[in-house]
file target.cif (mmCIF, C-alpha atoms)
data_input
#
loop_
_atom_site.label_atom_id
_atom_site.label_comp_id
_atom_site.auth_asym_id
_atom_site.auth_seq_id
_atom_site.Cartn_x
_atom_site.Cartn_y
_atom_site.Cartn_z
CA MET A 1 72.20 89.02 -60.65
CA SER A 2 72.72 86.63 -63.53
CA GLU A 3 73.10 87.80 -67.10
CA GLU A 4 69.79 86.15 -67.95
CA SER A 5 68.00 88.02 -65.15
CA THR A 6 69.56 91.29 -66.28
CA ARG A 7 68.31 90.76 -69.83
CA SER A 8 64.84 89.90 -68.52
CA THR A 9 64.73 93.07 -66.42
CA THR A 10 66.00 95.14 -69.35
CA TRP A 11 63.10 93.95 -71.54
CA ARG A 12 60.49 94.01 -68.78
CA LYS A 13 60.66 97.74 -68.09
CA PRO A 14 59.91 98.96 -71.63
CA LEU A 15 57.19 96.34 -71.99
CA VAL A 16 55.56 97.50 -68.75
CA SER A 17 55.86 101.12 -69.90
CA LEU A 18 54.33 100.24 -73.25
CA GLY A 19 51.51 98.36 -71.54
CA LEU A 20 50.79 101.29 -69.24
CA ALA A 21 50.83 103.70 -72.19
CA LEU A 22 48.45 101.52 -74.20
CA GLY A 23 46.20 101.13 -71.17
CA ALA A 24 46.14 104.86 -70.60
CA LEU A 25 45.40 105.43 -74.28
CA GLY A 26 42.59 102.87 -74.15
CA CYS A 27 41.09 104.45 -71.05
CA GLY A 28 41.38 107.88 -72.61
CA GLU A 29 39.78 106.64 -75.81
CA LEU A 30 36.90 105.05 -73.93
CA GLY A 31 36.42 108.09 -71.72
CA TYR A 32 36.47 110.44 -74.70
CA ARG A 33 33.87 108.38 -76.56
CA ILE A 34 31.62 108.19 -73.49
CA TYR A 35 31.95 111.95 -72.96
CA GLY A 36 31.05 112.63 -76.61
CA ALA A 37 28.10 110.28 -76.54
CA ALA A 38 26.80 111.91 -73.36
CA ARG A 39 26.88 115.26 -75.15
CA GLY A 40 24.96 113.81 -78.10
CA VAL A 41 27.93 113.85 -80.51
CA ALA A 42 28.98 110.20 -80.67
CA TYR A 43 32.24 109.68 -82.54
CA ASP A 44 31.90 108.41 -86.12
CA ALA A 45 35.17 107.01 -87.55
CA ALA A 46 33.88 106.88 -91.15
CA GLU A 47 32.70 110.47 -90.98
CA THR A 48 36.04 111.59 -89.55
CA ARG A 49 37.88 109.82 -92.35
CA VAL A 50 35.77 111.65 -94.93
CA ASP A 51 36.41 114.96 -93.17
CA ILE A 52 40.17 114.38 -93.05
CA ASN A 53 40.45 113.38 -96.69
CA ALA A 54 38.11 116.10 -97.96
CA PHE A 55 39.83 118.69 -95.80
CA GLY A 56 43.24 117.53 -96.97
CA GLU A 57 42.28 117.53 -100.64
CA SER A 58 40.78 120.98 -100.46
CA MET A 59 43.65 122.53 -98.57
CA ALA A 60 46.36 120.87 -100.64
CA ASN A 61 44.78 122.11 -103.85
CA ARG A 62 44.38 125.59 -102.43
CA PHE A 63 48.00 125.86 -101.34
CA SER A 64 49.58 124.54 -104.52
CA ALA A 65 47.15 126.40 -106.76
CA LEU A 66 47.61 129.77 -105.11
CA ALA A 67 51.37 129.45 -105.44
CA GLU A 68 50.79 129.14 -109.19
CA GLY A 69 48.30 131.98 -109.38
CA GLU A 70 45.17 129.86 -109.11
CA GLU A 71 42.64 129.19 -106.35
CA ARG A 72 40.72 126.12 -105.27
CA GLN A 73 37.32 127.62 -106.07
CA GLU A 74 38.36 128.17 -109.66
CA LEU A 75 40.06 124.80 -110.06
CA ARG A 76 36.92 123.09 -108.88
CA ALA A 77 35.19 124.29 -112.03
CA ILE A 78 37.47 122.44 -114.45
CA ALA A 79 38.37 118.79 -114.71
CA ASP A 80 41.99 119.26 -115.72
CA GLN A 81 43.31 120.93 -112.59
CA GLY A 82 46.65 122.65 -112.67
CA MET A 83 46.28 124.52 -115.98
CA SER A 84 48.01 127.89 -115.91
CA MET A 85 46.13 131.14 -115.51
CA ILE A 86 47.15 134.29 -117.35
CA PRO A 87 46.07 137.96 -117.35
CA HIS A 88 43.55 138.91 -120.03
CA PRO A 89 43.26 142.44 -121.47
CA PHE A 90 39.44 142.50 -121.49
CA PHE A 91 38.18 140.39 -118.58
CA ALA A 92 41.10 140.29 -116.14
CA PHE A 93 42.20 136.65 -116.15
CA GLU A 94 41.87 133.50 -118.19
CA PHE A 95 42.95 129.85 -118.25
CA VAL A 96 45.53 129.17 -120.95
CA HIS A 97 43.75 126.09 -122.25
CA LYS A 98 40.51 128.05 -122.74
CA GLN A 99 42.09 129.74 -125.76
CA GLU A 100 41.82 126.45 -127.63
CA GLN A 101 38.15 126.17 -126.69
CA ILE A 102 37.52 129.64 -128.09
CA LEU A 103 39.09 128.68 -131.42
CA ARG A 104 37.05 125.46 -131.68
CA ASP A 105 33.79 127.21 -130.83
CA LEU A 106 34.51 130.14 -133.12
CA GLU A 107 35.01 127.70 -135.99
CA TYR A 108 31.58 126.22 -135.20
CA PHE A 109 29.84 129.60 -135.32
CA GLU A 110 31.63 130.57 -138.54
CA ARG A 111 30.57 127.28 -140.14
CA THR A 112 26.95 127.40 -138.99
CA LYS A 113 26.03 131.06 -138.69
CA GLY A 114 28.77 132.99 -140.46
CA GLU A 115 28.50 134.44 -143.94
CA GLY A 116 28.81 131.60 -146.43
CA GLY A 117 28.59 129.02 -143.67
CA THR A 118 27.62 125.53 -144.77
CA GLY A 119 26.78 123.88 -141.45
CA LYS A 120 23.27 123.51 -140.06
CA PRO A 121 22.67 126.09 -137.30
CA GLY A 122 21.42 124.86 -133.97
CA PHE A 123 19.95 126.42 -130.85
CA ASP A 124 23.08 127.60 -129.08
CA ILE A 125 23.22 128.52 -125.38
CA LEU A 126 26.08 130.57 -123.94
CA ILE A 127 26.49 130.27 -120.15
CA LEU A 128 28.34 132.96 -118.20
CA GLY A 129 29.03 133.56 -114.52
CA GLY A 130 31.45 132.37 -111.84
CA SER A 131 32.44 128.92 -110.62
CA VAL A 132 28.83 127.96 -109.80
CA ALA A 133 27.90 128.52 -113.45
CA ALA A 134 31.02 126.64 -114.54
CA GLU A 135 30.06 123.69 -112.34
CA PHE A 136 26.56 123.72 -113.80
CA ARG A 137 28.02 121.26 -116.31
CA ALA A 138 27.80 118.57 -113.63
CA GLY A 139 24.25 117.29 -113.96
CA GLY A 140 22.66 120.65 -114.72
CA VAL A 141 23.39 121.51 -118.35
CA ALA A 142 22.34 118.15 -119.80
CA HIS A 143 19.15 118.11 -117.73
CA MET A 144 18.25 121.64 -118.81
CA ILE A 145 18.87 120.84 -122.47
CA GLY A 146 16.74 117.72 -122.19
CA LEU A 147 13.86 119.75 -120.79
CA LEU A 148 14.22 122.36 -123.52
CA ALA A 149 14.45 119.77 -126.30
CA ALA A 150 11.12 118.27 -125.21
CA ASP A 151 9.35 121.50 -126.12
CA PRO A 152 7.72 121.40 -129.61
CA ARG A 153 9.20 124.80 -130.49
CA LEU A 154 12.70 123.32 -130.23
CA ALA A 155 11.97 119.76 -131.33
CA ASP A 156 13.73 120.15 -134.69
CA LYS A 157 16.73 122.01 -133.25
CA ARG A 158 20.09 120.64 -132.19
CA LEU A 159 20.71 122.21 -128.79
CA ARG A 160 24.29 122.97 -127.87
CA GLU A 161 25.83 124.62 -124.81
CA PHE A 162 28.92 126.83 -124.57
CA VAL A 163 30.04 127.20 -120.97
CA TYR A 164 32.24 130.29 -120.64
CA ALA A 165 31.81 130.84 -116.93
CA ARG A 166 35.02 131.59 -115.06
CA GLY A 167 35.71 130.80 -111.41
CA SER A 168 35.83 133.98 -109.28
CA GLY A 169 34.33 135.88 -112.16
CA LYS A 170 32.07 138.81 -111.27
CA GLN A 171 30.66 141.84 -112.98
CA PRO A 172 31.79 143.62 -115.05
CA GLN A 173 33.75 140.56 -116.21
CA GLN A 174 30.67 138.78 -117.59
CA LEU A 175 29.67 141.93 -119.50
CA ASN A 176 33.17 142.28 -120.92
CA LEU A 177 33.39 138.59 -121.79
CA LEU A 178 30.06 138.71 -123.64
CA THR A 179 31.20 141.73 -125.66
CA TYR A 180 34.50 140.03 -126.45
CA LEU A 181 32.94 136.76 -127.62
CA LEU A 182 30.38 138.54 -129.80
CA SER A 183 33.11 140.67 -131.35
CA LEU A 184 35.03 137.49 -132.22
CA GLY A 185 32.03 136.08 -134.07
CA PHE A 186 30.10 134.06 -131.50
CA ALA A 187 26.38 133.99 -132.33
CA PRO A 188 24.42 132.30 -129.52
CA ASP A 189 20.64 132.15 -129.47
CA VAL A 190 20.52 132.39 -125.67
CA VAL A 191 22.78 133.92 -123.03
CA ILE A 192 22.35 132.66 -119.47
CA ASN A 193 24.11 134.70 -116.82
CA LEU A 194 24.14 132.80 -113.50
CA ASP A 195 25.76 134.93 -110.81
CA GLY A 196 25.25 137.12 -107.74
CA PHE A 197 27.29 135.59 -104.94
CA ASN A 198 30.70 136.69 -106.22
CA GLU A 199 29.46 140.21 -106.81
CA VAL A 200 28.88 140.72 -103.09
CA ALA A 201 31.32 138.21 -101.55
CA LEU A 202 34.36 139.17 -103.61
CA ALA A 203 33.55 142.87 -103.38
CA THR A 204 33.76 142.38 -99.61
CA THR A 205 37.01 140.42 -99.58
CA ASN A 206 38.53 142.90 -102.05
CA GLN A 207 37.64 145.77 -99.72
CA ILE A 208 39.04 143.92 -96.70
CA ASN A 209 42.32 143.34 -98.55
CA GLY A 210 42.82 146.89 -99.79
CA VAL A 211 41.58 146.37 -103.36
CA HIS A 212 38.70 148.27 -104.94
CA PRO A 213 35.43 146.27 -104.73
CA LEU A 214 34.86 146.35 -108.50
CA HIS A 215 38.38 145.18 -109.34
CA PRO A 216 38.78 141.49 -110.19
CA ALA A 217 39.07 138.99 -107.32
CA HIS A 218 42.06 140.15 -105.32
CA THR A 219 43.61 136.68 -104.89
CA TYR A 220 44.04 136.28 -108.65
CA TRP A 221 44.50 139.87 -109.63
CA LEU A 222 47.21 140.77 -107.15
CA HIS A 223 49.19 137.63 -107.85
CA LEU A 224 48.97 137.85 -111.65
CA ASN A 225 49.90 141.54 -111.69
CA GLY A 226 52.13 141.78 -108.65
CA SER A 227 55.37 140.48 -110.14
CA GLN A 228 56.87 143.93 -109.75
CA VAL A 229 56.66 143.53 -105.98
CA LEU A 230 57.54 139.83 -105.87
CA ASP A 231 60.46 140.57 -103.55
CA THR A 232 62.08 138.45 -100.85
CA GLU A 233 59.23 139.06 -98.41
CA ALA A 234 56.55 138.03 -100.93
CA VAL A 235 58.50 134.91 -101.89
CA GLY A 236 58.74 134.07 -98.19
CA PHE A 237 54.96 134.16 -97.85
CA LEU A 238 54.60 131.88 -100.88
CA LEU A 239 57.09 129.49 -99.29
CA ASP A 240 55.05 129.48 -96.08
CA MET A 241 51.99 128.47 -98.11
CA LYS A 242 53.97 125.74 -99.83
CA LEU A 243 55.15 124.36 -96.48
CA ALA A 244 51.61 124.43 -95.14
CA ARG A 245 50.44 122.44 -98.17
CA ARG A 246 53.16 119.87 -97.58
CA ARG A 247 52.19 119.59 -93.91
CA VAL A 248 48.58 118.91 -94.85
CA GLU A 249 49.62 116.21 -97.31
CA GLU A 250 51.77 114.54 -94.63
CA LEU A 251 48.99 114.58 -92.03
CA VAL A 252 46.42 113.10 -94.41
CA GLU A 253 48.89 110.42 -95.54
CA GLN A 254 49.75 109.50 -91.95
CA SER A 255 46.10 109.28 -90.99
CA GLU A 256 45.35 106.95 -93.89
CA ARG A 257 48.44 104.79 -93.35
CA TRP A 258 47.92 104.26 -89.63
CA GLY A 259 44.13 104.40 -89.57
CA LEU A 260 44.11 107.30 -87.13
CA HIS A 261 40.48 108.09 -87.97
CA ARG A 262 39.45 104.90 -86.17
CA SER A 263 40.45 106.46 -82.85
CA ALA A 264 38.32 109.26 -81.42
CA LEU A 265 41.37 110.79 -79.76
CA LEU A 266 43.75 110.46 -82.71
CA GLY A 267 41.11 111.35 -85.29
CA ARG A 268 40.19 114.58 -83.53
CA TRP A 269 43.88 115.29 -82.94
CA THR A 270 44.56 114.94 -86.68
CA LEU A 271 41.71 117.29 -87.53
CA SER A 272 43.01 119.85 -85.04
CA ARG A 273 46.46 119.72 -86.62
CA LEU A 274 44.91 120.17 -90.07
CA THR A 275 43.03 123.18 -88.72
CA ALA A 276 46.31 124.60 -87.42
CA ALA A 277 47.86 124.15 -90.88
CA GLN A 278 44.88 125.94 -92.38
CA GLY A 279 45.41 128.81 -89.97
CA ALA A 280 49.08 129.04 -90.95
CA GLN A 281 48.11 129.14 -94.62
CA ARG A 282 45.51 131.82 -94.01
CA VAL A 283 48.02 134.03 -92.23
CA ALA A 284 50.55 133.56 -95.06
CA ASN A 285 47.90 134.20 -97.69
CA GLU A 286 46.67 137.38 -96.02
CA SER A 287 50.24 138.56 -95.53
CA TYR A 288 51.06 137.85 -99.19
CA THR A 289 48.05 139.64 -100.68
CA GLY A 290 48.38 142.46 -98.17
CA HIS A 291 52.00 142.92 -99.18
CA LEU A 292 51.04 143.13 -102.85
CA ALA A 293 48.23 145.59 -102.11
CA GLN A 294 50.31 148.17 -100.23
CA ALA A 295 49.01 151.67 -100.90
CA GLU A 296 52.29 152.94 -102.26
CA ARG A 297 52.26 150.30 -104.99
CA ASN A 298 50.81 150.71 -108.48
CA ARG A 299 47.20 151.91 -108.36
CA ALA A 300 46.49 149.84 -111.50
CA ILE A 301 46.76 146.80 -109.22
CA THR A 302 44.64 147.93 -106.28
CA GLY A 303 42.33 150.32 -108.16
CA PRO A 304 41.19 153.75 -106.99
CA ALA A 305 41.12 154.41 -103.28
CA PHE A 306 37.99 153.09 -101.58
CA ALA A 307 37.22 154.50 -98.15
CA GLY A 308 33.98 152.61 -97.55
CA ASP A 309 33.39 149.63 -95.26
CA SER A 310 32.10 146.16 -96.16
CA GLU A 311 28.50 147.36 -96.39
CA ALA A 312 29.53 150.05 -98.85
CA ALA A 313 31.47 147.45 -100.86
CA ILE A 314 28.41 145.18 -100.97
CA ALA A 315 26.20 148.05 -102.13
CA MET A 316 28.69 148.85 -104.89
CA GLY A 317 28.80 145.19 -105.93
CA VAL A 318 24.99 145.09 -106.15
CA ARG A 319 24.91 148.26 -108.23
CA SER A 320 27.52 146.87 -110.63
CA TRP A 321 25.59 143.59 -110.86
CA SER A 322 22.37 145.39 -111.77
CA THR A 323 23.91 147.92 -114.17
CA CYS A 324 25.90 145.29 -116.04
CA SER A 325 22.89 143.00 -116.36
CA ALA A 326 20.84 145.79 -117.94
CA SER A 327 23.72 146.41 -120.36
CA MET A 328 23.89 142.70 -121.24
CA GLN A 329 20.14 142.72 -121.95
CA ALA A 330 20.58 145.70 -124.30
CA ILE A 331 23.48 144.02 -126.11
CA CYS A 332 21.49 140.81 -126.51
CA ASP A 333 18.46 142.73 -127.80
CA VAL A 334 20.56 144.34 -130.53
CA HIS A 335 21.84 140.93 -131.62
CA GLY A 336 18.48 139.16 -131.41
CA ILE A 337 19.62 136.98 -128.49
CA ILE A 338 17.41 135.78 -125.64
CA TYR A 339 18.90 136.93 -122.33
CA LEU A 340 18.24 135.20 -119.00
CA HIS A 341 19.84 136.48 -115.81
CA ALA A 342 19.53 134.21 -112.75
CA LEU A 343 20.46 134.98 -109.14
CA GLN A 344 22.23 131.86 -107.88
CA PRO A 345 21.49 130.25 -104.48
CA THR A 346 24.02 130.30 -101.65
CA LEU A 347 24.10 128.52 -98.30
CA HIS A 348 24.36 131.49 -95.92
CA ASP A 349 21.46 133.39 -97.48
CA ARG A 350 19.03 133.35 -94.55
CA GLY A 351 15.82 131.45 -95.22
CA SER A 352 16.96 130.02 -98.55
CA LYS A 353 17.44 126.50 -97.11
CA VAL A 354 17.59 124.77 -93.75
CA PRO A 355 21.20 123.50 -93.71
CA THR A 356 21.82 119.83 -92.98
CA PRO A 357 24.52 118.83 -90.45
CA TRP A 358 26.81 118.00 -93.38
CA GLU A 359 26.21 121.38 -95.02
CA LEU A 360 26.95 123.18 -91.77
CA ARG A 361 30.22 121.27 -91.49
CA VAL A 362 31.44 121.80 -95.06
CA GLY A 363 29.86 125.23 -95.50
CA ARG A 364 31.96 127.14 -93.00
CA ALA A 365 32.95 130.52 -94.40
CA GLY A 366 34.82 133.60 -93.28
CA GLN A 367 33.02 136.57 -91.78
CA GLY A 368 33.31 138.50 -95.04
CA TRP A 369 31.41 135.89 -97.01
CA ARG A 370 28.75 135.40 -94.35
CA THR A 371 28.19 139.15 -94.16
CA ALA A 372 28.00 139.34 -97.94
CA ALA A 373 25.33 136.62 -98.09
CA ALA A 374 23.27 137.94 -95.19
CA SER A 375 23.39 141.60 -96.22
CA GLY A 376 23.91 141.34 -99.96
CA TYR A 377 21.25 138.85 -101.00
CA PRO A 378 18.23 140.91 -99.88
CA GLN A 379 19.73 143.80 -101.87
CA LEU A 380 20.30 141.55 -104.90
CA ARG A 381 16.70 140.34 -104.82
CA ALA A 382 15.41 143.92 -104.61
CA ALA A 383 17.66 144.95 -107.49
CA GLY A 384 16.48 141.92 -109.47
CA ALA A 385 12.85 143.00 -109.05
CA GLU A 386 13.79 146.41 -110.45
CA LEU A 387 15.52 144.72 -113.41
CA VAL A 388 12.27 142.93 -114.25
CA LYS A 389 10.43 146.26 -114.23
CA ARG A 390 13.04 147.57 -116.69
CA GLY A 391 12.39 144.69 -119.08
CA VAL A 392 15.44 142.59 -118.20
CA GLY A 393 14.99 138.81 -118.40
CA PHE A 394 15.70 138.17 -114.73
CA VAL A 395 14.69 135.19 -112.59
CA ASP A 396 15.37 134.79 -108.87
CA THR A 397 16.59 131.22 -108.26
CA SER A 398 18.07 131.98 -104.83
CA GLY A 399 15.29 130.03 -103.11
CA VAL A 400 15.26 126.98 -105.37
CA PHE A 401 16.48 124.73 -102.51
CA ARG A 402 14.14 126.11 -99.85
CA ASP A 403 12.10 122.90 -99.51
CA GLU A 404 15.03 120.49 -99.84
CA ALA A 405 15.88 118.47 -96.73
CA ASN A 406 18.80 116.53 -98.27
CA ASP A 407 22.43 117.55 -98.73
CA ILE A 408 22.76 120.02 -101.60
CA TYR A 409 25.76 122.20 -100.83
CA LYS A 410 29.40 121.09 -101.05
CA ASP A 411 30.62 124.29 -99.39
CA ALA A 412 29.34 127.79 -98.77
CA CYS A 413 28.25 128.43 -102.36
CA HIS A 414 28.71 125.35 -104.60
CA PHE A 415 26.25 122.49 -104.81
CA ASN A 416 26.10 118.88 -105.98
CA GLU A 417 24.48 117.36 -109.06
CA ALA A 418 21.09 117.13 -107.35
CA GLY A 419 21.26 120.88 -106.77
CA ASN A 420 22.25 121.50 -110.38
CA ARG A 421 19.27 119.47 -111.59
CA LEU A 422 16.86 121.51 -109.45
CA LEU A 423 18.40 124.71 -110.76
CA ALA A 424 18.22 123.38 -114.34
CA GLU A 425 14.47 122.86 -114.01
CA GLN A 426 13.91 126.43 -112.93
CA LEU A 427 16.14 127.85 -115.67
CA ALA A 428 14.48 125.71 -118.35
CA LYS A 429 11.05 126.87 -117.18
CA ALA A 430 12.13 130.52 -117.37
CA LEU A 431 13.68 130.06 -120.83
CA LEU A 432 10.62 128.31 -122.24
CA ALA A 433 8.42 131.09 -120.89
CA GLY A 434 10.46 133.58 -122.91
CA LEU A 435 10.49 131.66 -126.20
CA PRO A 436 8.42 133.12 -129.05
#

call {"tool": "encode", "arguments": {"input": "target.cif", "output": "structure tokens"}}
result
Amino acid sequence: MSEESTRSTTWRKPLVSLGLALGALGCGELGYRIYGAARGVAYDAAETRVDINAFGESMANRFSALAEGEERQELRAIADQGMSMIPHPFFAFEFVHKQEQILRDLEYFERTKGEGGTGKPGFDILILGGSVAAEFRAGGVAHMIGLLAADPRLADKRLREFVYARGSGKQPQQLNLLTYLLSLGFAPDVVINLDGFNEVALATTNQINGVHPLHPAHTYWLHLNGSQVLDTEAVGFLLDMKLARRRVEELVEQSERWGLHRSALLGRWTLSRLTAAQGAQRVANESYTGHLAQAERNRAITGPAFAGDSEAAIAMGVRSWSTCSASMQAICDVHGIIYLHALQPTLHDRGSKVPTPWELRVGRAGQGWRTAAASGYPQLRAAGAELVKRGVGFVDTSGVFRDEANDIYKDACHFNEAGNRLLAEQLAKALLAGLP
């Protein structure tokens, strides 16, 4: 065989192999698409790309944030992600940069409502709650203020909001935060407390992870106060989370670079690998928090022993929610402040909204959260009705999206600007009804 023939044969074999591989891939791609279409779930490349990028962003933020003592749900509530979180002596945890906000706002109250103040006082609204209340800034706060300003009773007032909601906050943190701000010199005209979901959902996840239901959210609390047990094993779990984050970043980058979302086979394959990375992170996260919550560790971290199950934890969360709200009403009454307590909506509260396909996809939640919504929300509504009988300014907004057919939720408990605007209208209506 001549040298030229040898070279031709040498090149022909890999080309034939490549052609066969591409043909097989093409046949597989076509077959997969036909199979999906026959089942009524035709492949959508654009939708898969959105899922991959959204999934990647969420997971990457969760991994890196948790390693620094923060969590994706909390970071979502602030624009400048990555700010450090620290323990706080009165309400468990705080963002470092929020200390500057407190100083600025305190100066405003001293200037406008303090003794010898020279500034013109306005109609000041303090907003408390968890990450849903913090995200109310996006489309909700401005709309609510606009509706309030249109009322003749407030026409000559300068309305101003002070959002002091904290992601993963739950009672008694709001009660403690209100007391703290008033003791500093804050003098709002209105306090809006928008909460409910965290009280039952985080009570459940605390109980599952060996932390007392009324303690602060275990993910933050254990990490911020668990340095005494940050041994080799704990560091190893943090490293596992870091590696999982890096894997997610690599998968999303590869998908975008090579356009893998355009292929039904490769797009689904990428999503399955992202799901596997999520599972690895979850195992590392549970191992890390479980390690910090060991019974023989400091009881100041895990709280008193709690022998109840998830239902008992939910019931305790509801009782705390109700008791603290009544206390906040009493505090506001003493200070001449209008108090409005609103039960926030959540996706897995049965009958509160018919979920769209998008909401079902992005609203997946663990069993603990689903149980908390299904079991806890009827209890919260019943407790809210009792609060009204006791003279507490309570309004049930859990069903505000009941007649909405469009996408509202971004995940299991947070919603978009359209949702915030709908909520703002109900809150403004309740506030105006309570104005003298």

call {"tool": "resolve_selection", "arguments": {"input": "target.cif", "expression": "the PyMOL selection byres ((chain A and resi 127-142) around 7)", "output": "list of chain:residue names"}}
result
A:Gln73, A:Glu74, A:Ala77, A:Ile125, A:Leu126, A:His143, A:Met144, A:Ile145, A:Gly146, A:Phe162, A:Val163, A:Tyr164, A:Ala165, A:Arg166, A:Gly167, A:Ser168, A:Gly169, A:Lys170, A:Gln174, A:Val191, A:Ile192, A:Asn193, A:Leu194, A:Asp195, A:His414, A:Glu417, A:Asn420, A:Arg421, A:Ala424

call {"tool": "write_last_selection", "arguments": {"input": "target.cif", "atoms": "C-alpha atoms", "output": "PDB file, in the frame of the given file"}}
result
ATOM      1  CA  GLN A  73      37.320 127.620-106.070  1.00  0.00           C
ATOM      2  CA  GLU A  74      38.360 128.170-109.660  1.00  0.00           C
ATOM      3  CA  ALA A  77      35.190 124.290-112.030  1.00  0.00           C
ATOM      4  CA  ILE A 125      23.220 128.520-125.380  1.00  0.00           C
ATOM      5  CA  LEU A 126      26.080 130.570-123.940  1.00  0.00           C
ATOM      6  CA  HIS A 143      19.150 118.110-117.730  1.00  0.00           C
ATOM      7  CA  MET A 144      18.250 121.640-118.810  1.00  0.00           C
ATOM      8  CA  ILE A 145      18.870 120.840-122.470  1.00  0.00           C
ATOM      9  CA  GLY A 146      16.740 117.720-122.190  1.00  0.00           C
ATOM     10  CA  PHE A 162      28.920 126.830-124.570  1.00  0.00           C
ATOM     11  CA  VAL A 163      30.040 127.200-120.970  1.00  0.00           C
ATOM     12  CA  TYR A 164      32.240 130.290-120.640  1.00  0.00           C
ATOM     13  CA  ALA A 165      31.810 130.840-116.930  1.00  0.00           C
ATOM     14  CA  ARG A 166      35.020 131.590-115.060  1.00  0.00           C
ATOM     15  CA  GLY A 167      35.710 130.800-111.410  1.00  0.00           C
ATOM     16  CA  SER A 168      35.830 133.980-109.280  1.00  0.00           C
ATOM     17  CA  GLY A 169      34.330 135.880-112.160  1.00  0.00           C
ATOM     18  CA  LYS A 170      32.070 138.810-111.270  1.00  0.00           C
ATOM     19  CA  GLN A 174      30.670 138.780-117.590  1.00  0.00           C
ATOM     20  CA  VAL A 191      22.780 133.920-123.030  1.00  0.00           C
ATOM     21  CA  ILE A 192      22.350 132.660-119.470  1.00  0.00           C
ATOM     22  CA  ASN A 193      24.110 134.700-116.820  1.00  0.00           C
ATOM     23  CA  LEU A 194      24.140 132.800-113.500  1.00  0.00           C
ATOM     24  CA  ASP A 195      25.760 134.930-110.810  1.00  0.00           C
ATOM     25  CA  HIS A 414      28.710 125.350-104.600  1.00  0.00           C
ATOM     26  CA  GLU A 417      24.480 117.360-109.060  1.00  0.00           C
ATOM     27  CA  ASN A 420      22.250 121.500-110.380  1.00  0.00           C
ATOM     28  CA  ARG A 421      19.270 119.470-111.590  1.00  0.00           C
ATOM     29  CA  ALA A 424      18.220 123.380-114.340  1.00  0.00           C
TER      30      ALA A 424
END

call {"tool": "residues_around", "arguments": {"input": "target.cif", "residues": "Trp221 (chain A)", "least_positions_apart": "2", "cutoff": "9 Å", "atoms": "only C-alpha atoms", "output": "list in words"}}
result
Gly69, Pro87, Ala92, Phe93, His215, Pro216, Ala217, His218, Thr219, His223, Leu224, Asn225, Gly226, Ile301 and Thr302 of chain A

call {"tool": "atom_distance", "arguments": {"input": "target.cif", "atom1": "CA of Ser287 (chain A)", "atom2": "CA of Ile208 (chain A)"}}
result
12.5 Å

call {"tool": "residues_around", "arguments": {"input": "target.cif", "residues": "region 398-404 of chain A", "least_positions_apart": "2", "cutoff": "9 Å", "atoms": "all atoms listed in the file", "output": "PDB file with C-alpha atoms, in the frame of the given file"}}
result
ATOM      1  CA  ALA A 342      19.530 134.210-112.750  1.00  0.00           C
ATOM      2  CA  LEU A 343      20.460 134.980-109.140  1.00  0.00           C
ATOM      3  CA  GLN A 344      22.230 131.860-107.880  1.00  0.00           C
ATOM      4  CA  PRO A 345      21.490 130.250-104.480  1.00  0.00           C
ATOM      5  CA  THR A 346      24.020 130.300-101.650  1.00  0.00           C
ATOM      6  CA  ASP A 349      21.460 133.390 -97.480  1.00  0.00           C
ATOM      7  CA  GLY A 351      15.820 131.450 -95.220  1.00  0.00           C
ATOM      8  CA  SER A 352      16.960 130.020 -98.550  1.00  0.00           C
ATOM      9  CA  LYS A 353      17.440 126.500 -97.110  1.00  0.00           C
ATOM     10  CA  VAL A 354      17.590 124.770 -93.750  1.00  0.00           C
ATOM     11  CA  TYR A 377      21.250 138.850-101.000  1.00  0.00           C
ATOM     12  CA  ARG A 381      16.700 140.340-104.820  1.00  0.00           C
ATOM     13  CA  ASP A 396      15.370 134.790-108.870  1.00  0.00           C
ATOM     14  CA  ASN A 406      18.800 116.530 -98.270  1.00  0.00           C
ATOM     15  CA  ASP A 407      22.430 117.550 -98.730  1.00  0.00           C
ATOM     16  CA  ILE A 408      22.760 120.020-101.600  1.00  0.00           C
ATOM     17  CA  GLY A 419      21.260 120.880-106.770  1.00  0.00           C
ATOM     18  CA  LEU A 422      16.860 121.510-109.450  1.00  0.00           C
ATOM     19  CA  LEU A 423      18.400 124.710-110.760  1.00  0.00           C
ATOM     20  CA  GLN A 426      13.910 126.430-112.930  1.00  0.00           C
TER      21      GLN A 426
END

call {"tool": "atom_distance", "arguments": {"input": "target.cif", "atom1": "CA of Ala277 (chain A)", "atom2": "CA of Asn53 (chain A)"}}
result
14.3 Å

call {"tool": "closest_residue", "arguments": {"input": "target.cif", "among": "A:Ser263, A:Ser272, A:Gln99, A:Thr204", "to": "Gly366 (chain A)", "atoms": "all atoms listed in the file"}}
result
A:Thr204

call {"tool": "resolve_selection", "arguments": {"input": "target.cif", "expression": "the PyMOL selection byres ((chain A and resi 120) around 12)", "output": "ChimeraX atom specification"}}
result
/A:108-114,116-119,121-124,156-159

call {"tool": "atom_distance", "arguments": {"input": "target.cif", "atom1": "CA of Met328 (chain A)", "atom2": "CA of Thr179 (chain A)"}}
result
8.6 Å

call {"tool": "residues_around", "arguments": {"input": "target.cif", "residues": "His261 (chain A)", "least_positions_apart": "5", "cutoff": "9 Å", "atoms": "all atoms listed in the file", "output": "PyMOL selection string"}}
result
chain A and resi 44-49+52+255-256+266-268+270

call {"tool": "closest_residue", "arguments": {"input": "target.cif", "among": "A:Leu214, A:Met85, A:Ala305, A:Ala385", "to": "Leu202 (chain A)", "atoms": "all atoms listed in the file"}}
result
A:Leu214
